[in-house]
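The data block below is my_file.cif; it holds mmCIF, C-alpha atoms.
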data_query
#
loop_
_atom_site.label_atom_id
_atom_site.label_comp_id
_atom_site.auth_asym_id
_atom_site.auth_seq_id
_atom_site.Cartn_x
_atom_site.Cartn_y
_atom_site.Cartn_z
CA MET E 1 88.06 80.74 99.96
CA GLY E 2 84.33 80.77 99.42
CA VAL E 3 83.95 84.48 98.74
CA ASP E 4 84.22 85.85 95.20
CA LEU E 5 87.28 88.06 95.41
CA SER E 6 86.61 89.82 92.13
CA ALA E 7 83.33 91.22 93.49
CA PRO E 8 83.95 94.77 94.76
CA ALA E 9 82.00 94.17 97.99
CA GLY E 10 84.00 91.01 98.80
CA ARG E 11 87.25 92.80 98.06
CA THR E 12 86.39 95.74 100.28
CA LEU E 13 85.37 93.32 103.02
CA ARG E 14 88.74 91.58 102.76
CA LEU E 15 90.59 94.91 102.89
CA ALA E 16 88.52 95.88 105.94
CA ALA E 17 89.32 92.58 107.67
CA ILE E 18 93.05 92.85 106.90
CA GLY E 19 93.11 96.51 107.96
CA THR E 20 91.26 95.93 111.22
CA LEU E 21 93.55 93.05 112.18
CA ALA E 22 96.69 95.03 111.24
CA GLY E 23 95.42 98.04 113.20
CA LEU E 24 94.84 95.93 116.31
CA PHE E 25 98.34 94.42 116.09
CA SER E 26 99.86 97.83 115.52
CA GLY E 27 98.12 99.50 118.44
CA LEU E 28 98.63 96.56 120.78
CA PHE E 29 102.31 95.83 120.07
CA GLY E 30 103.79 99.04 118.68
CA VAL E 31 104.64 97.56 115.29
CA GLY E 32 103.56 98.63 111.82
CA GLY E 33 101.19 95.74 111.17
CA GLY E 34 103.00 94.61 108.02
CA ILE E 35 103.45 91.15 109.53
CA VAL E 36 99.64 90.83 109.24
CA MET E 37 99.08 92.73 105.99
CA VAL E 38 101.79 91.32 103.72
CA PRO E 39 100.85 87.62 103.97
CA LEU E 40 97.10 88.33 103.86
CA LEU E 41 97.35 90.64 100.82
CA MET E 42 99.17 87.81 99.05
CA LEU E 43 96.80 85.10 100.25
CA TRP E 44 93.43 86.87 99.98
CA LEU E 45 93.94 89.45 97.23
CA GLY E 46 96.51 87.77 95.02
CA TYR E 47 99.23 90.36 95.56
CA GLY E 48 102.83 89.65 94.60
CA ALA E 49 105.40 89.87 97.42
CA ARG E 50 106.83 93.22 96.38
CA GLU E 51 103.45 94.86 95.80
CA ALA E 52 102.23 93.52 99.13
CA THR E 53 105.24 94.97 100.93
CA GLY E 54 104.99 98.34 99.18
CA THR E 55 101.25 98.71 99.68
CA SER E 56 101.47 97.54 103.29
CA LEU E 57 104.19 100.09 103.93
CA ALA E 58 102.06 102.93 102.56
CA ALA E 59 99.15 101.83 104.78
CA ILE E 60 101.51 101.73 107.78
CA ILE E 61 102.09 105.49 107.49
CA ILE E 62 98.40 106.05 108.31
CA ILE E 63 98.09 103.19 110.84
CA ALA E 64 101.19 104.18 112.83
CA ALA E 65 100.17 107.86 112.76
CA VAL E 66 96.71 107.05 114.16
CA ALA E 67 98.12 104.65 116.76
CA VAL E 68 100.82 107.07 117.93
CA ALA E 69 98.30 109.92 118.18
CA THR E 70 96.07 107.72 120.34
CA HIS E 71 99.03 106.71 122.54
CA ALA E 72 99.95 110.39 122.83
CA GLY E 73 96.50 110.97 124.34
CA TYR E 74 97.50 108.55 127.12
CA GLY E 75 100.83 110.35 127.53
CA ASN E 76 102.88 107.29 126.52
CA VAL E 77 105.01 108.78 123.72
CA ASP E 78 108.61 109.84 124.37
CA VAL E 79 109.24 112.10 121.36
CA GLU E 80 112.97 112.53 121.99
CA LYS E 81 113.64 108.79 122.20
CA GLY E 82 111.39 108.18 119.20
CA LEU E 83 113.59 110.48 117.15
CA LEU E 84 116.68 108.82 118.66
CA VAL E 85 115.81 105.51 117.00
CA GLY E 86 113.65 106.78 114.12
CA VAL E 87 116.06 109.23 112.49
CA PRO E 88 119.01 106.78 112.33
CA ALA E 89 116.56 104.17 111.01
CA VAL E 90 115.71 106.35 108.01
CA GLY E 91 119.41 106.30 107.07
CA GLY E 92 119.38 102.55 107.71
CA VAL E 93 116.48 102.01 105.33
CA LEU E 94 118.32 103.76 102.52
CA ALA E 95 121.46 101.71 103.24
CA GLY E 96 119.42 98.51 103.46
CA THR E 97 117.74 99.11 100.13
CA TRP E 98 121.15 99.65 98.56
CA LEU E 99 122.62 96.56 100.26
CA GLN E 100 119.66 94.42 99.23
CA GLN E 101 121.04 94.18 95.71
CA ARG E 102 124.47 93.08 96.94
CA VAL E 103 124.21 90.56 99.80
CA PRO E 104 122.59 87.12 100.13
CA GLN E 105 119.07 87.62 101.48
CA ARG E 106 118.70 84.20 103.14
CA ALA E 107 121.65 84.65 105.45
CA ILE E 108 120.29 88.02 106.51
CA ALA E 109 116.80 86.62 107.12
CA LEU E 110 118.23 83.86 109.32
CA GLY E 111 120.45 86.33 111.17
CA PHE E 112 117.49 88.58 111.87
CA ALA E 113 115.42 85.58 113.01
CA ALA E 114 118.17 84.77 115.53
CA VAL E 115 118.14 88.37 116.83
CA LEU E 116 114.35 88.21 117.27
CA LEU E 117 114.52 84.91 119.14
CA GLY E 118 117.10 86.49 121.46
CA VAL E 119 114.68 89.36 122.06
CA ALA E 120 111.86 86.90 122.84
CA VAL E 121 113.99 84.97 125.35
CA ARG E 122 115.03 88.22 127.01
CA LEU E 123 111.39 89.34 127.27
CA VAL E 124 110.16 86.10 128.80
CA ILE E 125 113.02 85.87 131.30
CA GLY E 126 112.57 89.58 132.08
CA MET N 1 121.38 105.77 124.58
CA ILE N 2 123.96 105.46 121.81
CA GLU N 3 123.04 101.76 121.61
CA ALA N 4 119.43 102.72 120.93
CA ALA N 5 120.51 104.90 118.01
CA LEU N 6 122.70 102.11 116.64
CA ILE N 7 119.83 99.64 116.87
CA GLY N 8 117.73 102.25 115.07
CA VAL N 9 120.21 102.10 112.18
CA LEU N 10 120.14 98.29 112.33
CA ALA N 11 116.33 98.24 112.33
CA GLY N 12 116.33 100.49 109.29
CA VAL N 13 118.88 98.32 107.48
CA PHE N 14 116.82 95.19 108.16
CA ALA N 15 113.71 97.04 107.07
CA GLY N 16 115.39 97.94 103.80
CA LEU N 17 116.82 94.48 103.28
CA LEU N 18 113.92 92.29 104.30
CA GLY N 19 110.84 94.44 104.27
CA ILE N 20 110.60 93.77 107.98
CA GLY N 21 111.84 94.86 111.35
CA GLY N 22 110.89 98.44 112.13
CA GLY N 23 108.77 97.95 115.22
CA ALA N 24 110.07 94.48 116.01
CA LEU N 25 113.48 96.03 116.79
CA PHE N 26 112.43 99.55 117.88
CA VAL N 27 110.45 98.24 120.83
CA PRO N 28 113.23 96.09 122.38
CA ALA N 29 115.81 98.82 121.59
CA LEU N 30 113.75 101.30 123.59
CA THR N 31 113.18 98.97 126.55
CA LEU N 32 116.72 97.58 126.76
CA PHE N 33 118.77 100.69 125.94
CA ALA N 34 116.59 103.75 126.46
CA GLY N 35 115.01 102.84 129.79
CA LEU N 36 111.38 102.81 128.65
CA GLY N 37 108.74 100.38 129.92
CA GLN N 38 107.03 98.09 127.41
CA LEU N 39 103.96 100.33 126.97
CA ASP N 40 105.93 103.56 126.45
CA ALA N 41 108.36 101.71 124.17
CA GLU N 42 105.48 100.53 121.97
CA ALA N 43 103.99 104.02 121.77
CA THR N 44 107.39 105.54 120.98
CA SER N 45 108.18 102.83 118.41
CA LEU N 46 105.05 103.85 116.48
CA LEU N 47 106.40 107.40 116.27
CA ALA N 48 109.72 106.10 114.91
CA ILE N 49 107.91 103.93 112.35
CA VAL N 50 106.24 106.91 110.66
CA PRO N 51 109.38 108.44 109.03
CA VAL N 52 110.71 104.98 108.11
CA ALA N 53 107.41 104.07 106.44
CA LEU N 54 107.34 107.43 104.65
CA VAL N 55 110.83 107.00 103.18
CA GLY N 56 110.21 103.33 102.42
CA THR N 57 106.95 104.12 100.63
CA TRP N 58 108.65 106.83 98.62
CA ARG N 59 111.26 104.28 97.46
CA GLN N 60 108.64 101.59 96.79
CA ARG N 61 106.47 103.93 94.75
CA GLY N 62 109.46 104.52 92.52
CA TYR N 63 109.48 100.78 91.80
CA GLY N 64 105.73 100.82 91.12
CA ASN N 65 105.05 98.55 94.12
CA VAL N 66 102.38 100.65 95.84
CA ARG N 67 98.69 100.30 95.01
CA ASP N 68 97.58 103.69 96.26
CA ARG N 69 93.83 103.09 96.56
CA ASP N 70 94.20 99.81 98.43
CA ALA N 71 96.84 101.32 100.70
CA LEU N 72 94.55 104.23 101.52
CA ALA N 73 91.61 101.88 102.12
CA LEU N 74 93.75 99.65 104.38
CA GLY N 75 95.06 102.59 106.36
CA VAL N 76 91.66 104.17 106.89
CA LEU N 77 89.93 100.87 107.66
CA ALA N 78 92.75 99.97 110.07
CA SER N 79 92.35 103.15 112.09
CA MET N 80 89.55 101.83 114.28
CA GLY N 81 91.52 98.67 114.94
CA ALA N 82 94.60 100.74 115.80
CA VAL N 83 92.69 102.85 118.30
CA GLY N 84 91.19 99.65 119.77
CA GLY N 85 94.64 98.08 120.05
CA VAL N 86 96.02 101.13 121.87
CA VAL N 87 93.07 101.14 124.29
CA ILE N 88 93.64 97.43 125.02
CA ALA N 89 97.40 97.98 125.43
CA ASN N 90 96.67 100.63 128.05
CA ALA N 91 94.18 98.41 129.86
CA VAL N 92 96.17 95.18 130.25
CA PRO N 93 99.13 94.55 132.60
CA GLU N 94 102.50 95.47 131.08
CA ARG N 95 103.75 91.92 131.68
CA ALA N 96 101.02 90.63 129.35
CA LEU N 97 102.21 93.04 126.67
CA GLU N 98 105.79 91.79 127.11
CA LEU N 99 104.75 88.17 126.71
CA GLY N 100 102.51 88.99 123.74
CA PHE N 101 105.34 90.90 122.10
CA ALA N 102 107.70 87.96 122.73
CA ALA N 103 105.21 85.67 120.98
CA LEU N 104 105.04 88.12 118.08
CA THR N 105 108.84 88.17 117.65
CA VAL N 106 108.94 84.36 117.69
CA TYR N 107 106.24 84.32 114.99
CA VAL N 108 108.14 86.84 112.85
CA ALA N 109 111.35 84.82 113.30
CA TRP N 110 109.52 81.66 112.24
CA GLN N 111 108.17 83.44 109.14
CA LEU N 112 111.70 84.56 108.25
CA VAL N 113 113.16 81.07 108.64
CA ARG N 114 110.34 79.63 106.55
CA GLY N 115 110.90 82.33 103.92
CA ALA N 116 114.64 81.64 103.86
CA ARG N 117 114.00 77.93 103.26
CA THR N 118 111.47 78.52 100.47
CA PRO N 119 112.39 81.85 98.84
CA SER N 120 109.29 81.96 96.63
CA ASP N 121 107.09 82.23 99.72
CA ALA N 122 109.20 84.91 101.33
CA PRO N 123 107.17 88.07 101.85
CA THR N 124 110.17 90.28 101.30
CA GLY N 125 110.38 93.52 99.38
CA ASP N 126 112.69 96.42 98.89
CA THR N 127 111.91 98.48 101.91
CA ALA N 128 109.39 98.22 104.68
CA ALA N 129 108.79 98.87 108.32
CA ARG N 130 106.92 95.77 109.21
#

What is this structure when it is put down as structure tokens?
Amino acid sequence: MGVDLSAPAGRTLRLAAIGTLAGLFSGLFGVGGGIVMVPLLMLWLGYGAREATGTSLAAIIIIAAVAVATHAGYGNVDVEKGLLVGVPAVGGVLAGTWLQQRVPQRAIALGFAAVLLGVAVRLVIG
Amino acid sequence: MIEAALIGVLAGVFAGLLGIGGGALFVPALTLFAGLGQLDAEATSLLAIVPVALVGTWRQRGYGNVRDRDALALGVLASMGAVGGVVIANAVPERALELGFAALTVYVAWQLVRGARTPSDAPTGDTAAR
């Protein structure tokens, strides 16, 4: 990378680039944007994996809030169904964090990858 | 409807385990089991992500994994992009969103497989709603 990352201006520029890209992904696809932020924070700003995930997650609170407010302006948000998946997911996060210490991570990653590929096939076929 | 709630739990568990999977599972859960179209599912997924990200951040801060200033900068700087993304999502055909989302899930799956093969590269953490 040609830019001096230790220079404050270059660092801010990198954060702006990562943020803009993550925001676009979030607004366009209804995801948090972590899939963009985590690898780029590691690659461009020298973050460790855990710090990247934690910092990305904190940024997602703001990004998702802005994106959902914008969608609400278009009348696209179904609050009841959002709570239907969101509230159980909060319990799931706590369980997942607990489980993380006790089950093999690779098997889970591969299992989740298989689920996502199934989703992709379903989407393309319609 | 009950399936959507169960997938919500599953999405949360994966989020906690892998630092991934909030939106990637919320969106298909809402289209397949809650009768929403792709656009409404994406908008509604973003609402569901907020509490998950809040709880996840709270946990991560306890581990000292959150750089507050950078997170704030990222979030604020991302806002324009997020608004732009929503405007684009509302402007393009829903079928294009479906195909784009399918490509995104394939990419995430590929990242996970890569991470599972070389654990040191794996962008996983304690909790996240990626």

>> Show me, as a count of residues only, the residues of chain N whose atoms get within 6 Å of chain E, using all atoms listed in the file for the distance check.
In response: 49

> When you draw a straight line from CA of Leu97 (chain N) to CA of Leu39 (chain N), how long is it in Å?
Replying inline: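 If I compute the distance from CA of Leu97 (chain N) to CA of Leu39 (chain N), I get 7.5 Å.
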
>> One decimal, in Å: what's the spacing between CA of Leu43 (chain E) and CA of Trp110 (chain N)?
In response: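 Result for CA of Leu43 (chain E) versus CA of Trp110 (chain N): 17.8 Å, one decimal.
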
> Can you tell me how far CA of Val92 (chain N) sits from CA of Pro28 (chain N), in Å to one decimal?
Replying inline: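 The value is 18.8 Å.
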
>> What's around Met1 (chain N) at 10 Å? Count all atoms listed in the file, leave out sequence neighbours fewer than 5 positions away in its own chain, and write the answer as a list in words.
In response: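 Using all atoms listed in the file, the neighbours found are Lys81, Leu84 and Val85 of chain E; Leu6, Ile7, Ala29, Leu30, Leu32, Phe33, Ala34 and Gly35 of chain N.
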
Draw an axis-aligned box tight on the listed atoms of region 1-8 of chain N, then pad every side by 8 Å and write out centre and edge lengths in Å to one decimal as JSON.
{"center_x": 120.8, "center_y": 102.7, "center_z": 119.8, "size_x": 22.2, "size_y": 22.1, "size_z": 25.5}
